[in-house]
$ cat protein_25.cif   # mmCIF, C-alpha atoms
data_query
#
loop_
_atom_site.label_atom_id
_atom_site.label_comp_id
_atom_site.auth_asym_id
_atom_site.auth_seq_id
_atom_site.Cartn_x
_atom_site.Cartn_y
_atom_site.Cartn_z
CA MET A 1 67.57 -7.17 -52.87
CA SER A 2 64.62 -4.95 -53.58
CA THR A 3 61.27 -5.40 -51.93
CA ILE A 4 58.17 -6.56 -53.77
CA SER A 5 54.77 -5.24 -52.79
CA SER A 6 52.19 -7.67 -51.45
CA THR A 7 49.87 -7.27 -54.43
CA ALA A 8 52.71 -8.00 -56.84
CA LEU A 9 53.61 -11.07 -54.80
CA LYS A 10 50.01 -12.31 -54.89
CA GLU A 11 49.98 -11.91 -58.66
CA LYS A 12 53.20 -13.93 -58.90
CA PHE A 13 51.70 -16.77 -56.88
CA THR A 14 48.62 -16.90 -59.11
CA GLU A 15 50.97 -17.05 -62.07
CA LEU A 16 52.87 -19.89 -60.38
CA SER A 17 49.90 -22.23 -60.51
CA LEU A 18 49.56 -21.47 -64.21
CA ILE A 19 53.27 -22.09 -64.74
CA SER A 20 53.06 -25.37 -62.81
CA LEU A 21 50.31 -26.50 -65.14
CA LEU A 22 52.31 -25.47 -68.23
CA CYS A 23 55.44 -27.20 -66.99
CA SER A 24 53.63 -30.44 -66.25
CA CYS A 25 52.21 -30.37 -69.76
CA MET A 26 55.61 -29.73 -71.30
CA HIS A 27 57.15 -32.57 -69.36
CA ASN A 28 60.54 -33.33 -70.81
CA ASP A 29 63.60 -35.24 -69.72
CA LYS A 30 66.03 -32.33 -69.95
CA ASP A 31 66.96 -30.06 -67.08
CA GLU A 32 65.52 -27.07 -68.81
CA VAL A 33 64.82 -23.66 -67.33
CA ILE A 34 61.60 -22.08 -68.53
CA LYS A 35 61.40 -18.30 -68.41
CA TYR A 36 58.05 -16.65 -67.88
CA GLY A 37 58.05 -12.90 -67.43
CA ASP A 38 60.47 -12.09 -64.61
CA MET A 39 60.37 -15.66 -63.25
CA GLN A 40 62.49 -18.71 -64.00
CA VAL A 41 61.07 -22.19 -63.47
CA LYS A 42 63.30 -25.27 -63.26
CA GLN A 43 61.91 -28.78 -62.97
CA LEU A 44 63.39 -30.62 -59.95
CA ASP A 45 62.11 -34.14 -60.46
CA LYS A 46 61.09 -36.13 -63.54
CA SER A 47 57.50 -36.61 -62.37
CA GLY A 48 56.73 -32.98 -63.13
CA LYS A 49 55.45 -32.30 -59.63
CA ALA A 50 58.39 -30.42 -58.09
CA PHE A 51 59.69 -27.15 -59.48
CA GLU A 52 62.09 -24.46 -58.37
CA VAL A 53 60.73 -20.98 -59.03
CA VAL A 54 63.09 -18.01 -58.94
CA ILE A 55 61.55 -14.55 -58.94
CA LYS A 56 63.93 -11.95 -60.30
CA PRO A 57 63.99 -8.54 -58.67
CA PRO A 58 62.32 -5.87 -60.81
CA SER A 59 64.57 -3.99 -63.16
CA LYS A 60 65.64 -0.47 -62.30
CA ASP A 61 63.87 1.12 -65.21
CA ALA A 62 60.51 -0.40 -64.29
CA SER A 63 58.14 2.17 -62.96
CA GLU A 64 57.22 0.97 -59.52
CA VAL A 65 54.75 2.81 -57.39
CA LYS A 66 56.44 3.74 -54.15
CA LEU A 67 54.31 3.66 -51.09
CA SER A 68 54.70 6.64 -48.87
CA SER A 69 53.13 7.78 -45.67
CA PRO A 70 50.02 9.94 -45.96
CA PRO A 71 50.68 13.64 -46.23
CA ARG A 72 50.98 15.35 -42.90
CA SER A 73 48.90 18.27 -41.93
CA PRO A 74 50.92 21.44 -41.98
CA THR A 75 52.05 22.32 -38.49
CA CYS A 76 53.31 25.64 -37.44
CA LEU A 77 56.18 25.19 -35.05
CA ASP A 78 56.84 28.71 -33.96
CA ALA A 79 58.27 29.71 -30.61
CA LYS A 80 54.83 30.32 -29.09
CA THR A 81 53.46 26.83 -29.83
CA ILE A 82 56.71 25.23 -28.70
CA GLN A 83 56.56 27.18 -25.44
CA GLU A 84 52.90 26.15 -24.94
CA LYS A 85 53.77 22.51 -25.52
CA LEU A 86 56.66 22.74 -23.07
CA GLU A 87 54.40 24.33 -20.45
CA LYS A 88 51.77 21.62 -20.92
CA ALA A 89 54.45 18.96 -20.61
CA GLU A 90 55.75 20.61 -17.43
CA GLU A 91 52.19 20.70 -16.02
CA ARG A 92 51.73 17.01 -16.81
CA ARG A 93 55.05 16.19 -15.18
CA LYS A 94 54.14 18.20 -12.07
CA SER A 95 50.69 16.61 -11.83
CA MET A 96 52.20 13.14 -12.17
CA GLU A 97 54.75 14.02 -9.51
CA ALA A 98 51.98 15.31 -7.23
CA GLU A 99 50.02 12.07 -7.77
CA THR A 100 53.10 10.05 -6.93
CA LEU A 101 53.63 12.09 -3.75
CA LYS A 102 49.97 11.59 -2.79
CA LYS A 103 50.31 7.84 -3.29
CA LEU A 104 53.48 7.79 -1.20
CA ALA A 105 51.81 9.84 1.54
CA LYS A 106 48.87 7.42 1.55
CA GLU A 107 51.27 4.49 1.77
CA ARG A 108 53.13 6.06 4.68
CA GLU A 109 49.85 6.84 6.43
CA HIS A 110 48.73 3.26 5.91
CA GLN A 111 52.06 1.99 7.24
CA THR A 112 51.80 4.14 10.37
CA GLU A 113 48.22 2.95 10.91
CA VAL A 114 49.30 -0.66 10.55
CA LEU A 115 52.24 -0.14 12.90
CA SER A 116 50.10 1.62 15.51
CA LYS A 117 47.45 -1.09 15.30
CA ALA A 118 50.14 -3.76 15.65
CA ALA A 119 51.56 -1.90 18.67
CA GLU A 120 48.07 -1.75 20.23
CA VAL A 121 47.52 -5.45 19.65
CA GLU A 122 50.95 -6.25 21.08
CA ALA A 123 50.31 -4.04 24.12
CA ALA A 124 46.93 -5.68 24.70
CA PHE A 125 48.52 -9.11 24.41
CA ALA A 126 51.31 -8.16 26.80
CA LYS A 127 48.80 -6.77 29.30
CA LYS A 128 46.65 -9.89 29.09
CA ALA A 129 49.69 -12.14 29.45
CA GLN A 130 50.88 -10.17 32.47
CA GLU A 131 47.44 -10.41 34.09
CA GLU A 132 47.36 -14.17 33.50
CA LEU A 133 50.85 -14.50 34.93
CA LYS A 134 49.84 -12.49 37.99
CA LYS A 135 46.79 -14.71 38.51
CA LYS A 136 48.94 -17.84 38.21
CA GLN A 137 51.44 -16.46 40.72
CA GLU A 138 48.64 -15.63 43.19
CA LEU A 139 47.17 -19.09 42.76
CA TYR A 140 50.61 -20.65 43.25
CA GLU A 141 51.19 -18.62 46.40
CA GLN A 142 47.75 -19.58 47.73
CA ASN A 143 48.48 -23.26 47.08
CA GLN A 144 51.89 -22.97 48.78
CA GLN A 145 50.28 -21.28 51.80
CA ALA A 146 47.59 -23.95 51.99
CA GLN A 147 50.21 -26.71 51.83
CA ARG A 148 52.25 -25.04 54.60
CA GLN A 149 49.13 -24.72 56.77
CA ALA A 150 48.29 -28.36 56.17
CA LYS A 151 51.82 -29.42 57.17
CA ILE A 152 51.65 -27.27 60.32
CA GLU A 153 48.30 -28.81 61.23
CA ARG A 154 49.68 -32.33 60.75
CA LEU A 155 52.72 -31.49 62.86
CA LYS A 156 50.48 -30.09 65.61
CA GLU A 157 48.34 -33.22 65.50
CA MET A 158 51.48 -35.37 65.66
CA ASP A 159 52.74 -33.35 68.66
CA GLN A 160 49.38 -33.70 70.39
CA HIS A 161 49.34 -37.41 69.67
CA ALA A 162 52.92 -37.73 70.91
CA GLU A 163 51.97 -35.81 74.09
CA VAL A 164 49.01 -38.12 74.67
CA VAL A 165 51.22 -41.17 74.16
CA ARG A 166 53.82 -39.78 76.61
CA GLN A 167 51.13 -39.05 79.20
CA ASN A 168 49.74 -42.54 78.79
CA LYS A 169 53.24 -43.99 79.29
CA MET A 170 53.73 -41.90 82.37
CA ILE A 171 50.41 -42.98 83.78
CA LYS A 172 51.25 -46.65 83.10
CA ALA A 173 54.69 -46.21 84.65
CA ASN A 174 53.29 -44.50 87.77
CA SER A 175 50.39 -46.81 88.28
CA PRO A 176 50.94 -49.87 90.52
CA LYS A 177 50.86 -53.14 88.77
CA ALA A 178 47.96 -55.09 89.79
#

$ encode --input "protein_25.cif" --output "structure tokens"
Amino acid sequence: MSTISSTALKEKFTELSLISLLCSCMHNDKDEVIKYGDMQVKQLDKSGKAFEVVIKPPSKDASEVKLSSPPRSPTCLDAKTIQEKLEKAEERRKSMEAETLKKLAKEREHQTEVLSKAAEVEAAFAKKAQEELKKKQELYEQNQQAQRQAKIERLKEMDQHAEVVRQNKMIKANSPKA
């Protein structure tokens, strides 16, 4: 199937409205195909409102204007210009590679900074946690020592009290009953 240019297609559609009008005026009961230029129109229903339009492809002998791309400017592709273009392409490739390496170096530097900062924070946290643990241990030991001292004091008091009670018993036992 050959292609139809957009302007030719627009012209066909303007002709279609004219054909539709003609067909509705020529309303007949037969299934008749009306030919108009390179189009065929067939009535689909008896009301005269529905038509089938077939656009024939243009004939081969018709002179059709072929669209082509605009003429190119003459380019001289000699060895020198090709070599220059290759060198420029190589320079672009190298510069892009250098940029990529710079970006990667920046990323690595950033990663090392982040890791060192994280290590510092972790070390500070560990140091603080160790100091707190040491303080808790000292406080625990102080409390244990205080509890031991308190127990010793109570035991001494109980011994003294027991000694007093024994002495009182001895005095009562040795004293004559009156």

$ closest_residue --input "protein_25.cif" --among "A:Glu141, A:Glu122, A:Glu11, A:Glu52" --to "Ile34 (chain A)" --atoms "only C-alpha atoms"
A:Glu52

$ atom_distance --input "protein_25.cif" --atom1 "CA of Phe51 (chain A)" --atom2 "CA of Met39 (chain A)"
12.1 Å

$ atom_distance --input "protein_25.cif" --atom1 "CA of Asp38 (chain A)" --atom2 "CA of Thr7 (chain A)"
15.5 Å

$ axis_aligned_box --input "protein_25.cif" --around "region 111-119 of chain A" --padding-each-side "8 Å" --output "JSON"
{"center_x": 49.8, "center_y": 0.2, "center_z": 13.0, "size_x": 20.8, "size_y": 23.9, "size_z": 27.4}
